[in-house]
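Asks: Sharing a structure, written as C-alpha cells. Questions coming.
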Amino acid sequence: MMNLMPATARLSCFAAWVSKFHVTDNRKELTMNHTKLGRRTFLRSSLAAAAAVPLGAIPLTLKAAEKLEESDPSAAALGYKHDTADVDAGQYPRHSADQMCKNCQLYQHVDGDWGNCGIFPAKQVNVKGWCNAWVKKAG
Ligand code: SF4
C-alpha cells in the first residue's frame, strides 16, 4: 500500500509520538500515557516507527532559493563576504586567507560557485566566501 503522507508530516508525527515518552528518574523504565513500558518494547516500537519514514523520500541537497547578500543584516552581523580576500583582518583577527565556505563544516556544495550553509538556511553562499562562524571541515 502506498503511503500518501509527505515525509515532513511523517517526521512530525514521529516526533510527536516520541515526545509522549518520559524517562523516569531511575532511567530503567519508560512511561507513555501513564502506562509503564519495558525498554525492549520502547526500542522495538521506536525502530518500527523510524522504519516507516523512507530515507529516499527526504531530499538531501535542496538548493536554497536566493544568493546571500553581504548587506543582509544576518550576513553583516557575522562579517560574511563573498570572497574571503575581502574580510577585514582587523575586525576578524582569527580569519586566515585559506578559510572559505568550501572548507567550512557548515557548507554543503550543490553546484557551481554557490552552495548551502547551515547558518543561512534560506540563502546560498559563495564557495570562496567566509563568515565569522567558519569551522574547519572535518576529515
Ligand atoms: S558558516 Fe561557513 S559556510 Fe556558512 S557562510 Fe560562514 S564560512 Fe561560509
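Within each chain, counting starts at residue 1; across the C-alpha cells, chains are named A, B, ... in the order shown, with ligands numbered 1 upward in that order.
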Please produce, as CSV, a per-residue contact table for chain A versus ligand 1 (criterion: any atom at most 8 Å away, only C-alpha atoms and all ligand atoms considered), showing the nearest atom pair and its distance in Å to one decimal, sorted by chain then residue number.

Replies:
```
residue,atom,partner,partner_atom_place_in_ligand_line,distance
A:Ala75,CA,ligand 1,5 (S),7.9
A:Leu78,CA,ligand 1,6 (Fe),7.7
A:Tyr80,CA,ligand 1,5 (S),6.1
A:Gln99,CA,ligand 1,7 (S),7.4
A:Met100,CA,ligand 1,7 (S),5.6
A:Cys101,CA,ligand 1,8 (Fe),3.6
A:Lys102,CA,ligand 1,3 (S),6.7
A:Asn103,CA,ligand 1,2 (Fe),7.8
A:Cys104,CA,ligand 1,2 (Fe),4.6
A:Gln105,CA,ligand 1,2 (Fe),6.5
A:Leu106,CA,ligand 1,3 (S),4.9
A:Tyr107,CA,ligand 1,3 (S),4.0
A:Gln108,CA,ligand 1,3 (S),7.5
A:Asn116,CA,ligand 1,3 (S),7.2
A:Cys117,CA,ligand 1,4 (Fe),4.4
A:Gly118,CA,ligand 1,4 (Fe),6.2
A:Ile119,CA,ligand 1,1 (S),5.5
A:Phe120,CA,ligand 1,4 (Fe),6.7
A:Val125,CA,ligand 1,5 (S),5.9
A:Asn126,CA,ligand 1,8 (Fe),7.3
A:Val127,CA,ligand 1,8 (Fe),7.4
A:Gly129,CA,ligand 1,8 (Fe),5.5
A:Trp130,CA,ligand 1,7 (S),4.0
A:Cys131,CA,ligand 1,6 (Fe),3.8
A:Asn132,CA,ligand 1,6 (Fe),6.1
A:Ala133,CA,ligand 1,1 (S),4.6
A:Trp134,CA,ligand 1,7 (S),3.9
A:Val135,CA,ligand 1,2 (Fe),6.3
```

Asks: When distances are computed from only C-alpha atoms, which of A:Asp88, A:Ala138, A:Trp114, A:Lys123 shows the smallest separation from Glu66 of chain A?

Replies: A:Lys123

Asks: If you measure from atom CA of Lys136 of chain A to atom CA of Pro93 of chain A, what distance in Å do you get, rounded to one decimal?

Replies: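 Going from atom CA of Lys136 of chain A over to atom CA of Pro93 of chain A, I get 16.0 Å.
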
Asks: To one decimal place, how far is atom CA of Ala64 of chain A from atom CA of His95 of chain A in Å?

Replies: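 Between these atoms lies a distance of 25.7 Å.
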
Asks: Can you pull out every residue from segment 52-132 of chain A that DSSP, working from the backbone, puts in strand (DSSP E), and format the result as a tab-separated table (two decimals) with C-alpha atoms, in the first residue's frame?

Replies:
```tsv
chain	number	residue	atom	x	y	z
A	66	GLU	CA	18.49	33.09	-3.29
A	67	LYS	CA	22.11	34.18	-3.01
A	107	TYR	CA	28.93	24.34	3.88
A	108	GLN	CA	27.04	21.96	1.58
A	109	HIS	CA	28.04	22.24	-2.06
A	110	VAL	CA	25.22	21.92	-4.58
A	111	ASP	CA	26.64	23.11	-7.91
A	114	TRP	CA	27.34	28.60	-4.70
A	115	GLY	CA	26.05	26.24	-2.04
A	116	ASN	CA	24.01	25.93	1.13
A	117	CYS	CA	25.09	26.95	4.62
A	123	LYS	CA	20.24	31.58	1.11
A	124	GLN	CA	23.22	30.39	-0.93
A	125	VAL	CA	26.78	31.33	-0.01
A	126	ASN	CA	29.81	31.53	-2.32
```
